[in-house]
Amino acid sequence: MKKILTATFIALLVSTAQAAQENDKPNIVIILADDLGHGSLNSYGADEVHIRTPNIDQLAKDGRRFTDANTPSSVCSPTRYGLLTGRYDWRTDQKHGVVNTTDPLHIKTSRPTIATLLKSAGYQTAAIGKWHLGYGTGKADFTKPLSPGPLDLGFDYHFAVPQNHGDASGVYVRNTKVVGLRSNKLIPVGKSPYGRAYYGFDAPQRVDENVMDELTTDAIHWLDQQQADTPFFLYFAPVAIHFPYTPSSKTKGKSGSGLYGDWIHELDLSIGRILDKLDRMKATDNTLVIFTSDNGGVQMTEGDRPEAVAYRAGLKCNANWRGRKHSIYEGGFRVPFIARWPGHVPAATVCDETLSLVDMFATIGALLDQPALSKEEAGEDSFNVLPALLGDSISKPIRSSMIVHSPNGNFAIRSGAWKYIEGKASPTLKKKIPRRDELVTALYNLQDDPSEQKNLLSERPEVVKRLAGQLEKQRNSGRSR
């Protein structure tokens with residue numbers, strides 16, 4: 001009997017040790033805000049007279065704030081593709097623009113994603129919020145199962161606005177189905193805030209003022225279901241602060257910069273609820289939280305739109321960077337980026353290391369020591385920036401260069417202080433080409449001229465030649481890592 005008890009006790013010790021070892025893997029929460037510019041938080045220089053972002057700023061106090069974080073594109077879908085896959089989106093057949101509401105799933109199910117990396121390491125995974133990467137294999141039929149989709153890309157659970165806040169679908173998707181779909185008939189439901197008719201699916205229609213609350217509540221509910229001995233990955237993509245600006249009654253009228261500022265308050269309220277939930281779960285100390293945005297803000301200076309009202313009130317959503325969402329200039333790519341992981345990421349620190357959101361794939365792979373990174377088609381453009389997150393000493397830049405592009409297919413490459421803009425639109429754009437005024441070949445020194453005012457193209461031909469050649473080489477090689 002004593003031998004049996006001893007064996008049982010040893011088995012229990014082994015089981016407990018294994019569970020503890022598994023629990024050493026940090027939970028991971030990536031929060032990808034929508035259209036939040038570099039200057040839209042108090043921790044990034046916004047005056048409290050205009051907005052107040054205490055919850056996101058607390059992340060910066062408890063973690064590390066990055067000053068040179070960049071999106072691979074100055075518009076939504078390409079950045080989301082790059083974040084999840086570690087690959088530049090222009091390497092796909094999408095050379096310009098974004099994924100439309102009824103477009104097929106943009107990520108091939110055979111391609112590794114952050115979710116597949118983590119799922120293979122024993123994580124529970126969820127994608128909640130704005131999706132904007134398509135469903136199915138052809139034109140998506142929302143009256144039928146929307147498959148393949150996120151569940152085929154490593155996510156165990158999915159709850160989403162299919163494309164954008166206020167999009168023409170007008171509905172939510174949970175896993176593979178429209179929430180509450182009653183039939184395949186269409187119903188008259190009027191026009192979206194974009195002036196387009198809603199598709200009119202026979203299902204409960206989203207109420208724009210409630211969407212942030214409902215997405216956040218769903219994320220909290222999913223977190224409630226997680227077990228202490230199993231690590232989790234939450235990819236949370238709020239619709240704020242994308243147009244239309246629809247703050248709830250809790251935040252409307254509370255900022256000093258109109259609806260636009262109120263909508264930023266709504267985002268901060270949501271993040272506060274997520275962070276509070278982690279605290280109540282006693283998961284904060286073992287959770288890596290990354291907060292960032294998919295591109296720069298929509299800065300306007302004239303007219304009656306909320307963006308212009310906020311600007312005239314004094315809020316510079318992209319700080320002093322030139323340009324905005326859709327642009328080839330820095331205002332389209334520079335975004336807030338904050339990492340918190342108590343005891344690992346140094347608190348209340350600032351890092352100037354250059355990083356791209358495509359680097360999250362290789363970084364998380366390094367965190368888990370996943371062999372998938374050695375495969376030929378995995379995270380081709382992703383660099384491991386974990387040393388920068390952890391505050392390790394870095395003798396030379398992690399990235400020697402970085403490619404960005406605007407939605408009209410205009411490319412730029414950054415290397416150190418230098419930025420070369422090719423000044424050409426995508427050859428697949430046959431009709432109207434947006435932002436023609438930005439199709440100018442240019443060279444800027446961002447250290448001396450951060451607002452990109454002095455074109456040094458003719459003065460530094462040797463730099464132009466080097467960067468143009470580097471850009472072409474990386475495009476043709478199929479990878480930059």
# chains A, B, ... in the order shown; residues from 1 in each chain; ligands from 1
call {"tool": "residues_around", "arguments": {"residues": "A:Gly149", "least_positions_apart": "6", "cutoff": "9 Å", "atoms": "only C-alpha atoms", "output": "list in words"}}
result
Pro104, Leu105, Ile107, Thr109, Leu133, Gly134, Tyr135, Gly136, Asn175 and Thr176 of chain A
call {"tool": "write_last_selection", "arguments": {"atoms": "C-alpha atoms", "output": "PDB file, in the first residue's frame"}}
result
ATOM      1  CA  PRO A 104     -12.305  35.559 -50.031  1.00  0.00           C
ATOM      2  CA  LEU A 105      -9.955  34.716 -47.172  1.00  0.00           C
ATOM      3  CA  ILE A 107      -4.357  34.400 -45.949  1.00  0.00           C
ATOM      4  CA  THR A 109      -4.660  28.252 -44.911  1.00  0.00           C
ATOM      5  CA  LEU A 133      -9.102  39.670 -44.142  1.00  0.00           C
ATOM      6  CA  GLY A 134     -12.010  37.988 -45.920  1.00  0.00           C
ATOM      7  CA  TYR A 135     -13.834  34.671 -45.674  1.00  0.00           C
ATOM      8  CA  GLY A 136     -14.252  31.631 -47.909  1.00  0.00           C
ATOM      9  CA  ASN A 175     -16.738  31.445 -35.785  1.00  0.00           C
ATOM     10  CA  THR A 176     -18.153  30.606 -39.242  1.00  0.00           C
TER      11      THR A 176
END
call {"tool": "select_by_dssp", "arguments": {"residues": "stretch 270-457 of chain A", "states": "strand (DSSP E or B)", "output": "ChimeraX atom specification"}}
result
/A:287-293,334,337-340,349-351,355-356,402-405,411-415,418-421,442-445
call {"tool": "closest_residue", "arguments": {"among": "A:Val404, A:Ile421, A:Leu288, A:Ala140", "to": "A:Thr79", "atoms": "only C-alpha atoms"}}
result
A:Val404
call {"tool": "residues_around", "arguments": {"residues": "A:Gly323", "least_positions_apart": "4", "cutoff": "12 Å", "atoms": "only C-alpha atoms", "output": "PyMOL selection string"}}
result
chain A and resi 37-38+74+295-301+316-319+327-334+406+435+437-438+450-453
call {"tool": "closest_residue", "arguments": {"among": "A:Gly379, A:Gly303, A:Gly63, A:Gly154", "to": "A:Arg479", "atoms": "only C-alpha atoms"}}
result
A:Gly379
call {"tool": "closest_residue", "arguments": {"among": "A:Lys130, A:Lys185, A:His106, A:His265", "to": "A:Arg52", "atoms": "only C-alpha atoms"}}
result
A:His265
call {"tool": "residues_around", "arguments": {"residues": "A:Val463", "least_positions_apart": "6", "cutoff": "10 Å", "atoms": "only C-alpha atoms", "output": "NGL selection string"}}
result
:A and (415 or 418-420 or 443 or 456-457 or 469)
call {"tool": "write_last_selection", "arguments": {"atoms": "N, CA and C atoms", "output": "compact mmCIF listing (two decimals), in the first residue's frame"}}
result
# COMPACT_ATOMS: atom_id res chain seq x y z
N SER A 415 16.33 52.88 -44.32
CA SER A 415 17.57 52.27 -43.85
C SER A 415 18.28 53.28 -42.98
N TRP A 418 17.83 57.17 -43.49
CA TRP A 418 17.44 57.44 -44.87
C TRP A 418 16.11 56.80 -45.24
N LYS A 419 15.33 57.54 -46.02
CA LYS A 419 14.08 57.02 -46.56
C LYS A 419 14.00 57.37 -48.04
N TYR A 420 13.90 56.34 -48.86
CA TYR A 420 13.78 56.51 -50.31
C TYR A 420 12.37 56.16 -50.74
N LEU A 443 14.16 61.37 -51.64
CA LEU A 443 15.06 60.85 -50.63
C LEU A 443 15.06 61.85 -49.46
N LEU A 456 16.39 65.19 -51.01
CA LEU A 456 17.83 65.15 -51.27
C LEU A 456 18.18 64.26 -52.45
N LEU A 457 17.21 64.02 -53.32
CA LEU A 457 17.39 63.08 -54.44
C LEU A 457 18.61 63.43 -55.29
N GLY A 469 18.38 49.96 -55.26
CA GLY A 469 18.82 48.60 -55.54
C GLY A 469 18.41 47.63 -54.46
call {"tool": "closest_residue", "arguments": {"among": "A:Ile31, A:Tyr81, A:Leu368, A:Ser120", "to": "A:Asp268", "atoms": "only C-alpha atoms"}}
result
A:Ile31
call {"tool": "closest_residue", "arguments": {"among": "A:Ile28, A:Leu269, A:Met281, A:Ile274", "to": "A:Gln226", "atoms": "only C-alpha atoms"}}
result
A:Met281
call {"tool": "residues_around", "arguments": {"residues": "stretch 205-214 of chain A", "least_positions_apart": "6", "cutoff": "9 Å", "atoms": "only C-alpha atoms", "output": "PyMOL selection string"}}
result
chain A and resi 129+161+165-166+169-172+189+238-240+244-249+266-267+270
